[in-house]
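Shown next: structure_17.csv, containing CSV, C-alpha atoms and all ligand atoms.
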```csv
chain,number,residue,atom,x,y,z
A,61,MET,CA,147.3,67.9,54.9
A,62,ASN,CA,144.7,67.0,57.5
A,63,PRO,CA,142.4,64.5,55.7
A,64,TYR,CA,139.1,66.3,56.5
A,65,ASP,CA,137.9,69.8,56.5
A,66,PHE,CA,134.6,71.5,57.2
A,67,ALA,CA,131.9,72.9,55.0
A,68,ARG,CA,130.9,76.2,56.7
A,69,ILE,CA,127.5,77.1,57.8
A,70,ASP,CA,126.0,80.5,57.1
A,71,TRP,CA,125.0,81.5,60.6
A,72,SER,CA,123.1,84.6,59.2
A,73,ARG,CA,120.6,82.3,57.5
A,74,PRO,CA,118.7,79.9,59.7
A,75,PRO,CA,117.0,76.8,58.2
A,76,GLU,CA,113.7,77.7,56.5
A,77,ARG,CA,111.0,75.5,58.1
A,78,ARG,CA,107.5,74.7,56.9
A,79,LYS,CA,104.9,72.0,57.1
A,80,PRO,CA,105.6,69.0,54.9
A,81,ILE,CA,103.1,68.1,52.2
A,82,TRP,CA,102.3,64.6,53.0
A,83,HIS,CA,101.0,61.4,51.4
A,84,ASP,CA,97.3,61.8,52.2
A,85,ARG,CA,97.0,64.8,49.9
A,86,LEU,CA,98.4,63.6,46.6
A,87,PHE,CA,97.0,66.4,44.6
A,88,GLY,CA,94.5,69.2,44.7
A,89,SER,CA,93.8,72.4,42.9
A,90,ASP,CA,95.4,74.5,45.6
A,91,LEU,CA,98.7,72.6,45.5
A,92,PRO,CA,101.7,73.2,43.3
A,93,ARG,CA,102.8,70.2,41.2
A,94,LEU,CA,104.2,67.4,43.4
A,95,TYR,CA,106.7,64.8,42.2
A,96,SER,CA,106.5,61.1,42.8
A,97,GLY,CA,108.4,58.3,41.1
A,98,SER,CA,111.7,56.5,41.2
A,99,LEU,CA,115.2,57.1,40.1
A,100,THR,CA,117.7,54.4,39.1
A,101,LEU,CA,121.3,55.2,40.1
A,102,ARG,CA,124.6,53.7,39.1
A,103,LEU,CA,127.5,53.9,41.6
A,104,THR,CA,131.1,53.3,40.4
A,105,ALA,CA,133.9,53.0,42.9
A,106,ARG,CA,136.8,55.4,42.0
A,107,THR,CA,139.1,54.1,44.7
A,108,PRO,CA,138.9,50.8,46.8
A,109,ILE,CA,135.9,50.9,49.0
A,110,PHE,CA,135.0,49.1,52.2
A,111,ILE,CA,131.7,48.6,54.2
A,112,PRO,CA,132.1,46.0,56.9
A,113,ALA,CA,129.8,43.0,56.9
A,114,ARG,CA,129.4,43.2,60.7
A,115,PRO,CA,130.0,45.8,63.3
A,116,VAL,CA,133.3,45.7,65.2
A,117,THR,CA,131.5,45.1,68.4
A,118,SER,CA,129.8,41.9,67.3
A,119,GLY,CA,132.0,39.5,69.1
A,120,PRO,CA,135.2,37.5,68.5
A,121,ARG,CA,136.4,36.7,65.0
A,122,ASP,CA,139.4,35.1,63.5
A,123,PRO,CA,142.1,37.8,63.4
A,124,ARG,CA,144.0,36.0,60.7
A,125,LYS,CA,141.2,36.4,58.2
A,126,PRO,CA,140.3,39.8,56.8
A,127,GLU,CA,136.9,41.3,57.5
A,128,THR,CA,134.7,41.0,54.5
A,129,PHE,CA,132.5,43.5,52.6
A,130,ILE,CA,128.8,43.4,53.4
A,131,LYS,CA,126.5,41.2,51.3
A,132,ASP,CA,122.8,40.8,51.1
A,133,GLY,CA,120.7,37.6,51.5
A,134,THR,CA,121.3,36.8,47.8
A,135,GLY,CA,125.0,36.9,48.1
A,136,HIS,CA,125.6,40.2,46.3
A,137,TYR,CA,127.9,42.8,47.7
A,138,ILE,CA,125.9,45.9,48.6
A,139,ILE,CA,126.1,49.4,49.8
A,140,PRO,CA,123.2,49.5,52.3
A,141,GLY,CA,120.4,51.8,51.4
A,142,THR,CA,120.7,53.3,54.9
A,143,SER,CA,124.3,54.4,54.1
A,144,LEU,CA,123.2,56.0,50.9
A,145,LYS,CA,120.3,57.8,52.6
A,146,GLY,CA,122.7,59.1,55.3
A,147,LEU,CA,125.1,60.3,52.6
A,148,LEU,CA,122.4,62.2,50.6
A,149,ARG,CA,120.7,63.5,53.7
A,150,ASN,CA,123.9,65.0,55.0
A,151,LEU,CA,124.4,66.7,51.6
A,152,VAL,CA,120.9,68.1,51.5
A,153,GLU,CA,121.5,69.5,55.0
A,154,THR,CA,124.8,71.0,54.0
A,155,LEU,CA,123.9,72.5,50.7
A,156,GLY,CA,120.2,73.2,51.3
A,157,ASN,CA,120.6,74.8,54.7
A,158,GLY,CA,119.0,72.1,56.8
A,159,CYS,CA,119.1,71.6,60.5
A,160,LEU,CA,122.0,70.0,62.3
A,161,THR,CA,121.1,66.4,62.7
A,162,LEU,CA,124.4,65.0,63.8
A,163,PHE,CA,125.4,67.7,66.3
A,164,ASP,CA,125.3,66.4,69.8
A,165,GLY,CA,126.3,69.6,71.7
A,166,ASN,CA,129.1,68.2,73.9
A,167,TYR,CA,131.9,65.9,73.0
A,168,GLU,CA,134.5,63.8,74.7
A,169,GLN,CA,133.2,63.3,78.2
A,170,GLU,CA,135.9,63.5,80.8
A,171,LYS,CA,136.8,60.2,82.4
A,172,THR,CA,136.7,61.7,85.9
A,173,GLY,CA,133.4,60.0,86.7
A,174,GLU,CA,131.9,63.4,87.2
A,175,ARG,CA,128.8,63.7,85.0
A,176,GLY,CA,128.4,66.5,82.5
A,177,ARG,CA,132.1,67.5,82.2
A,178,TYR,CA,133.4,67.5,78.6
A,179,LYS,CA,136.7,68.4,76.9
A,180,ALA,CA,134.7,69.9,74.1
A,181,PRO,CA,131.5,71.6,75.5
A,182,TYR,CA,130.1,73.0,72.3
A,183,ARG,CA,126.4,73.3,73.1
A,184,ASP,CA,126.6,77.1,73.0
A,185,LYS,CA,128.7,77.0,69.8
A,186,VAL,CA,125.6,76.6,67.7
A,187,LYS,CA,122.7,79.1,67.3
A,188,PRO,CA,119.6,77.4,68.7
A,189,GLU,CA,117.6,77.9,65.5
A,190,PHE,CA,120.1,75.7,63.7
A,191,LEU,CA,119.5,72.7,66.0
A,192,HIS,CA,117.6,69.6,65.0
A,193,CYS,CA,113.9,70.3,64.1
A,194,GLU,CA,111.6,69.5,66.9
A,195,ASP,CA,108.1,70.1,65.5
A,196,LYS,CA,106.8,68.0,62.7
A,197,ALA,CA,104.7,70.9,61.4
A,198,HIS,CA,107.8,73.0,61.0
A,199,LEU,CA,110.5,71.0,59.3
A,200,CYS,CA,113.6,72.1,57.4
A,201,ILE,CA,114.2,70.8,53.9
A,202,SER,CA,116.2,67.7,54.9
A,203,CYS,CA,113.7,66.7,57.6
A,204,ARG,CA,110.8,67.1,55.0
A,205,ILE,CA,112.6,64.9,52.5
A,206,PHE,CA,114.2,62.3,54.7
A,207,GLY,CA,112.0,62.4,57.8
A,208,SER,CA,112.5,63.9,61.3
A,209,LEU,CA,114.7,61.4,62.9
A,210,LYS,CA,113.9,61.9,66.6
A,211,GLU,CA,110.7,60.7,68.2
A,212,ARG,CA,109.2,63.9,69.6
A,213,LYS,CA,106.1,64.7,71.6
A,214,SER,CA,104.4,65.7,68.3
A,215,GLY,CA,105.3,62.4,66.7
A,216,VAL,CA,107.7,61.6,63.9
A,217,PHE,CA,107.6,62.5,60.3
A,218,THR,CA,108.8,59.5,58.3
A,219,GLY,CA,110.0,61.2,55.1
A,220,LYS,CA,109.3,60.9,51.5
A,221,VAL,CA,112.3,59.0,50.2
A,222,ASN,CA,113.2,55.4,50.3
A,223,ILE,CA,116.5,54.0,49.0
A,224,SER,CA,117.2,50.4,48.2
A,225,ASP,CA,120.5,48.7,48.9
A,226,ALA,CA,122.9,49.3,46.0
A,227,GLN,CA,123.7,45.9,44.6
A,228,ALA,CA,127.1,45.2,43.0
A,229,ASP,CA,126.9,44.0,39.4
A,230,PRO,CA,128.8,40.6,39.7
A,231,GLU,CA,130.4,41.2,36.3
A,232,THR,CA,132.3,44.2,37.6
A,233,VAL,CA,133.2,43.0,41.1
A,234,ALA,CA,136.9,43.0,41.7
A,235,LEU,CA,138.5,42.5,45.1
A,236,TYR,CA,141.3,44.7,46.3
A,237,LYS,CA,144.0,43.0,48.2
A,238,PRO,CA,143.4,42.5,51.9
A,239,MET,CA,144.9,45.4,53.9
A,240,TYR,CA,145.7,46.4,57.4
A,241,THR,CA,144.4,49.9,58.0
A,242,LEU,CA,146.4,52.5,59.8
A,243,PRO,CA,144.9,53.1,63.3
A,244,LEU,CA,142.3,55.9,62.8
A,245,VAL,CA,143.4,58.4,65.5
A,246,GLU,CA,142.1,61.7,64.4
A,247,PRO,CA,142.3,65.2,65.9
A,248,LYS,CA,139.4,65.3,68.4
A,249,PRO,CA,136.7,68.0,68.8
A,250,HIS,CA,138.6,69.6,71.7
A,251,HIS,CA,141.2,70.8,69.1
A,252,ARG,CA,139.5,74.1,68.8
A,253,ALA,CA,141.6,75.5,66.0
A,254,PHE,CA,140.1,72.8,63.8
A,255,TYR,CA,136.6,72.3,65.2
A,256,LEU,CA,135.6,76.0,65.8
A,257,ASP,CA,135.6,79.0,63.6
A,258,GLU,CA,138.4,81.6,63.8
A,259,GLN,CA,136.7,83.6,66.6
A,260,GLU,CA,135.8,80.4,68.4
A,261,ARG,CA,132.2,81.6,68.5
A,262,CYS,CA,130.6,78.7,66.5
A,263,ILE,CA,131.4,75.2,65.3
A,264,ALA,CA,133.4,75.2,62.1
A,265,GLY,CA,130.7,73.4,60.1
A,266,ARG,CA,130.1,69.9,58.8
A,267,LYS,CA,133.0,67.5,58.4
A,268,PHE,CA,133.9,66.0,55.0
A,269,TYR,CA,137.0,63.9,54.0
A,270,PHE,CA,139.2,64.8,51.0
A,271,HIS,CA,139.5,62.4,48.1
A,272,HIS,CA,143.0,60.9,47.7
A,273,ASP,CA,144.8,60.4,44.4
A,274,PRO,CA,143.3,57.2,42.9
A,275,ASN,CA,146.7,56.3,41.4
A,276,LYS,CA,148.2,55.9,44.9
A,277,GLU,CA,147.6,53.0,47.3
A,278,PRO,CA,145.4,53.8,50.3
A,279,TRP,CA,147.4,54.3,53.6
A,280,GLN,CA,148.0,51.0,55.3
A,281,ALA,CA,150.0,49.2,58.0
A,282,ASP,CA,152.1,46.1,57.6
A,283,GLY,CA,150.2,44.2,60.4
A,284,TYR,CA,148.1,44.7,63.5
A,285,ARG,CA,149.2,47.7,65.6
A,286,TYR,CA,148.8,47.7,69.4
A,287,PHE,CA,148.6,50.7,71.7
A,288,THR,CA,147.7,50.1,75.3
A,289,ARG,CA,144.9,47.5,75.0
A,290,ALA,CA,145.1,43.8,74.2
A,291,GLU,CA,143.0,44.3,71.0
A,292,PRO,CA,144.6,45.8,68.0
A,293,ALA,CA,144.1,49.5,67.3
A,294,ASN,CA,143.6,48.9,63.6
A,295,ARG,CA,141.6,46.5,61.3
A,296,TYR,CA,142.4,43.9,58.7
A,297,ILE,CA,139.9,44.4,55.9
A,298,HIS,CA,139.2,43.2,52.4
A,299,PRO,CA,137.9,46.1,50.3
A,300,LEU,CA,136.3,45.9,46.8
A,301,ASP,CA,138.5,47.5,44.1
A,302,TYR,CA,137.9,50.6,42.1
A,303,ASP,CA,135.6,50.2,39.0
A,304,THR,CA,133.2,48.0,40.9
A,305,VAL,CA,129.7,49.1,39.8
A,306,PHE,CA,126.5,49.1,42.0
A,307,TYR,CA,122.9,49.9,41.1
A,308,ALA,CA,120.3,51.3,43.5
A,309,ARG,CA,116.8,52.5,43.2
A,310,LEU,CA,115.4,55.6,45.0
A,311,ASP,CA,111.7,56.0,45.4
A,312,PHE,CA,110.1,59.3,46.3
A,313,THR,CA,106.6,60.5,47.0
A,314,THR,CA,105.0,63.9,46.9
A,315,LEU,CA,108.2,65.9,46.8
A,316,GLU,CA,107.8,69.6,46.3
A,317,ARG,CA,109.8,71.1,43.5
A,318,ASP,CA,112.6,72.6,45.7
A,319,GLU,CA,112.8,69.3,47.6
A,320,LEU,CA,113.3,67.3,44.4
A,321,GLY,CA,115.9,69.9,43.3
A,322,ALA,CA,117.8,69.5,46.6
A,323,LEU,CA,117.8,65.7,46.3
A,324,LEU,CA,119.0,65.8,42.7
A,325,LEU,CA,121.8,68.3,43.6
A,326,ALA,CA,122.9,65.9,46.4
A,327,ILE,CA,123.1,63.2,43.8
A,328,VAL,CA,124.8,65.0,40.9
A,329,LEU,CA,126.8,67.6,42.8
A,330,GLU,CA,128.9,69.4,40.1
A,331,GLU,CA,130.9,67.9,37.3
A,332,ASP,CA,134.3,68.0,38.9
A,333,MET,CA,133.2,66.6,42.3
A,334,CYS,CA,132.8,63.0,43.6
A,335,HIS,CA,131.1,61.4,46.6
A,336,LYS,CA,132.8,59.5,49.4
A,337,ILE,CA,131.3,56.7,51.5
A,338,GLY,CA,132.1,53.8,53.8
A,339,TYR,CA,135.0,52.9,56.1
A,340,ALA,CA,138.5,54.4,56.3
A,341,LYS,CA,137.8,57.6,54.4
A,342,PRO,CA,140.8,59.3,55.9
A,343,LEU,CA,143.1,56.6,54.5
A,344,GLY,CA,141.9,57.1,50.9
A,345,LEU,CA,139.0,54.6,50.6
A,346,GLY,CA,135.4,55.2,49.5
A,347,SER,CA,135.5,57.6,46.5
A,348,ILE,CA,132.4,56.8,44.5
A,349,ALA,CA,130.7,58.4,41.4
A,350,LEU,CA,126.9,58.6,41.4
A,351,GLU,CA,125.0,58.8,38.2
A,352,PRO,CA,121.3,58.9,37.6
A,353,LEU,CA,120.4,56.6,34.8
A,354,ARG,CA,116.6,56.6,34.5
A,355,LEU,CA,113.8,58.6,36.1
A,356,GLU,CA,110.2,57.6,36.2
A,357,LEU,CA,107.7,60.2,37.2
A,358,ILE,CA,104.1,59.3,38.2
A,359,ASP,CA,101.7,62.2,37.9
A,360,TYR,CA,98.9,61.2,40.2
A,361,ALA,CA,96.7,64.2,39.1
A,362,ARG,CA,96.8,63.0,35.5
A,363,ARG,CA,96.6,59.4,36.5
A,364,TYR,CA,93.2,59.8,38.1
A,365,SER,CA,91.8,62.4,35.8
A,366,LEU,CA,89.5,61.4,32.9
A,367,SER,CA,91.6,63.1,30.3
A,368,ALA,CA,94.7,61.0,31.0
A,369,ARG,CA,95.6,59.0,27.9
A,370,GLY,CA,96.9,55.5,28.1
A,371,GLN,CA,100.1,56.3,30.0
A,372,GLY,CA,98.5,56.2,33.5
A,373,GLY,CA,100.3,59.4,34.2
A,374,ARG,CA,103.8,57.8,33.9
A,375,GLU,CA,106.7,59.4,32.2
A,376,GLN,CA,110.2,57.9,31.7
A,377,LEU,CA,113.3,60.1,31.3
A,378,GLU,CA,116.7,58.9,30.2
A,379,GLY,CA,119.8,60.2,28.5
A,380,GLU,CA,119.7,63.8,27.2
A,381,ALA,CA,116.1,64.4,28.4
A,382,LEU,CA,117.0,63.3,31.9
A,383,THR,CA,120.1,65.5,32.0
A,384,GLN,CA,118.0,68.5,30.9
A,385,PHE,CA,115.3,67.8,33.5
A,386,ILE,CA,117.9,67.5,36.3
A,387,ASP,CA,119.8,70.6,35.2
A,388,GLU,CA,116.7,72.6,35.2
A,389,LEU,CA,115.7,71.6,38.8
A,390,VAL,CA,119.2,71.8,40.2
A,391,GLU,CA,119.9,75.2,38.7
A,392,GLU,CA,116.6,76.5,40.0
A,393,PHE,CA,117.3,75.1,43.4
A,394,LYS,CA,120.8,76.6,43.4
A,395,ARG,CA,119.5,80.1,42.5
A,396,GLN,CA,116.9,80.1,45.2
A,397,HIS,CA,118.3,78.1,48.1
A,398,LEU,CA,121.9,77.0,47.8
A,399,GLN,CA,124.1,77.5,50.9
A,400,ARG,CA,126.9,79.1,49.0
A,401,LEU,CA,129.6,79.0,51.7
A,402,ALA,CA,129.1,75.3,52.1
A,403,MET,CA,129.2,74.6,48.4
A,404,GLU,CA,132.4,76.6,48.1
A,405,ASP,CA,134.1,74.5,50.7
A,406,LEU,CA,132.7,71.1,49.5
A,407,ARG,CA,133.8,71.9,46.0
A,408,ARG,CA,137.3,72.2,47.3
A,409,ILE,CA,137.1,69.1,49.7
A,410,TRP,CA,135.4,66.8,47.2
A,411,ARG,CA,137.2,68.0,44.1
A,412,TRP,CA,137.7,65.3,41.5
A,413,PRO,CA,140.2,64.4,40.4
A,414,PRO,CA,142.0,65.4,43.6
A,415,ASP,CA,145.2,67.4,43.6
A,416,PRO,CA,147.9,64.7,43.1
A,417,ASP,CA,150.5,66.8,44.9
A,418,VAL,CA,148.8,66.8,48.3
A,419,GLU,CA,149.3,63.9,50.8
A,420,TYR,CA,146.3,63.6,53.1
A,421,CYS,CA,147.1,62.3,56.6
A,422,TYR,CA,146.7,63.4,60.1
A,423,PRO,CA,149.5,65.6,61.5
A,424,ASP,CA,151.3,63.5,64.1
A,425,LYS,CA,151.4,64.1,67.8
A,426,SER,CA,154.7,66.0,67.6
A,427,TRP,CA,153.1,68.5,65.2
A,428,PHE,CA,150.2,69.1,67.6
A,429,ASP,CA,152.7,69.4,70.5
A,430,GLN,CA,154.5,72.4,68.9
A,431,ALA,CA,153.3,75.6,70.3
A,432,GLU,CA,153.3,77.5,67.0
A,433,ASN,CA,150.9,75.0,65.5
A,434,ALA,CA,148.3,75.2,68.3
A,435,ARG,CA,146.2,77.8,66.5
A,436,LYS,CA,146.7,76.7,62.9
A,437,ARG,CA,143.6,76.1,60.9
A,438,ILE,CA,143.2,73.0,58.7
A,439,ALA,CA,144.1,74.9,55.6
A,440,GLU,CA,147.6,75.5,57.1
A,441,THR,CA,148.3,71.8,57.6
A,442,ARG,CA,149.1,71.3,53.9
A,443,ASP,CA,152.8,70.4,54.6
A,444,ALA,CA,152.3,68.9,58.0
A,445,LEU,CA,153.2,65.2,58.2
A,501,ZN,ZN,115.4,69.5,60.2
```

Can you turn what I pasted into structure tokens?
Amino acid sequence: MNPYDFARIDWSRPPERRKPIWHDRLFGSDLPRLYSGSLTLRLTARTPIFIPARPVTSGPRDPRKPETFIKDGTGHYIIPGTSLKGLLRNLVETLGNGCLTLFDGNYEQEKTGERGRYKAPYRDKVKPEFLHCEDKAHLCISCRIFGSLKERKSGVFTGKVNISDAQADPETVALYKPMYTLPLVEPKPHHRAFYLDEQERCIAGRKFYFHHDPNKEPWQADGYRYFTRAEPANRYIHPLDYDTVFYARLDFTTLERDELGALLLAIVLEEDMCHKIGYAKPLGLGSIALEPLRLELIDYARRYSLSARGQGGREQLEGEALTQFIDELVEEFKRQHLQRLAMEDLRRIWRWPPDPDVEYCYPDKSWFDQAENARKRIAETRDAL
């Protein structure tokens, strides 16, 4: 089975945009309750996981030594806060009907030297109202929570969420054995039967990678593989093993109720689902469970009012009380805003535990070369190897 599939977009429902409520108005009688505070998260690797310490392009390194997992200045292994933010943002976009941040329009520029020719010209395969928000006074839910990324004429909105690096608990750290990855040659956007919807009118959606059976080893090669260039086409890496535990802290300011609901949904998903992060996802790395451990809410309205008693407007939730609070907000969000088509697809792609009878790997070139396969959708690749 092809290792990724798409969470569909409901093209009949454009992102709902509005002006973000921002820091300079923390409370007021005309405003609904806003949520500020912090959430402690525990992340537990369910398969080996790898996030490289340095980018591939950062110059020569000793090819006999495996690339190492990223650490912070104090020597702890970390999942960078930026990676976690990217993961959650993408989920809010997908499930909460946000704009398309990662869509570039055209893919795979032809190497003819002629400018503006692409093998996958998909600019017209997205309805314009779904493109990245442009105006900071009209932002979709993901841009209101995480910020509008692009610098625009109207300025940039910096967002209301900040996520720390997730630091590994040294007691739990176990190294997986160093491994050579398989070269990651995946079907490219020009393969229309995968990347567009059945009528080829719109892009297929947002891409997610299936989880692999954690009882099987990730796909790997027995050494470096070379194609046409002098550098190897694969990498030699040293992942952390499953059961490594990380802790992160997520701070948020003046979130509206639906925004907090969307954020919590992105974190807890559903019971039989699991997140995926980091390098070599198509080979079976990076399945990771996210659990909220503790939530601290700061109610600024109560904090500054004369009637506030002792607590300074702070409230701590853990255990059953936290679960109840999260369930309430998530269920409310799902009733009002959930992008149901996307959830249906993501539930299948991120199902946990995964189906042990399916092998996930890219169909090889000979499969793509067969005429009868040219129009097959991803769902029809289950037995393709
Ligand atoms: Zn947006």

query: In terms of the shortest atom-to-atom distance over all atoms listed in the file, which of A:Arg354, A:Lys436, A:Lys394, A:Arg106 is closest to Pro413 in chain A?
result: A:Arg106

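Comparing the minimum interatomic distances between ligand ZN 501 (chain A) and each of A:Ala234, A:Ile386, A:Val328, A:Cys159, counting all atoms listed in the file, we find that A:Cys159 sits nearest.
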
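With only C-alpha atoms as the atoms that count, the residue of A:Ala264, A:Leu160, A:Ile205, A:Leu144 with the shortest distance to Pro80 in chain A is A:Ile205.
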
task: Between A:Asp65, A:Asp195, A:Asp122, A:Glu168, single out the one closest to ligand ZN 501 (chain A), counting all atoms listed in the file.
output: A:Asp195

query: What do you get as a VMD selection string if you pick all residues at most 7 Å from ligand ZN 501 (chain A), counting all atoms listed in the file?
result: chain A and resid 158 to 161 192 to 193 199 to 203 208

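Distances to Asp184 in chain A were evaluated for A:Lys131, A:Arg68, A:Arg261, A:His272 using all atoms listed in the file, and the minimum falls at A:Arg261.
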
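Distances here use only C-alpha atoms; by that measure, the residue among A:Leu155, A:Ile348, A:Leu389, A:Leu191 closest to Arg317 in chain A is A:Leu389.
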
task: Write out as a PyMOL selection string the residues lying within 12 Å of Leu324 in chain A, counting only C-alpha atoms and excluding same-chain residues fewer than 6 positions away.
output: chain A and resi 98-99+101+148-149+151-152+155-156+205+310+312+315+317-318+330+350-352+355+382-383+385-394

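The two atoms in question, CA of Ala434 in chain A and CA of Glu404 in chain A, are spaced 25.7 Å apart.
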
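Across the model, the gap from CA of Thr142 in chain A to CA of Phe306 in chain A is 14.8 Å.
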
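Distance-wise, CA of Arg102 in chain A and CA of Asp132 in chain A end up 17.7 Å apart.
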
- prompt: Hey, what's within 8 Å of range 179-181 of chain A if we count all atoms listed in the file and toss same-chain stuff fewer than 3 positions away? As number ranges by chain, please?
  reply: A: 165-170, 184, 249-250
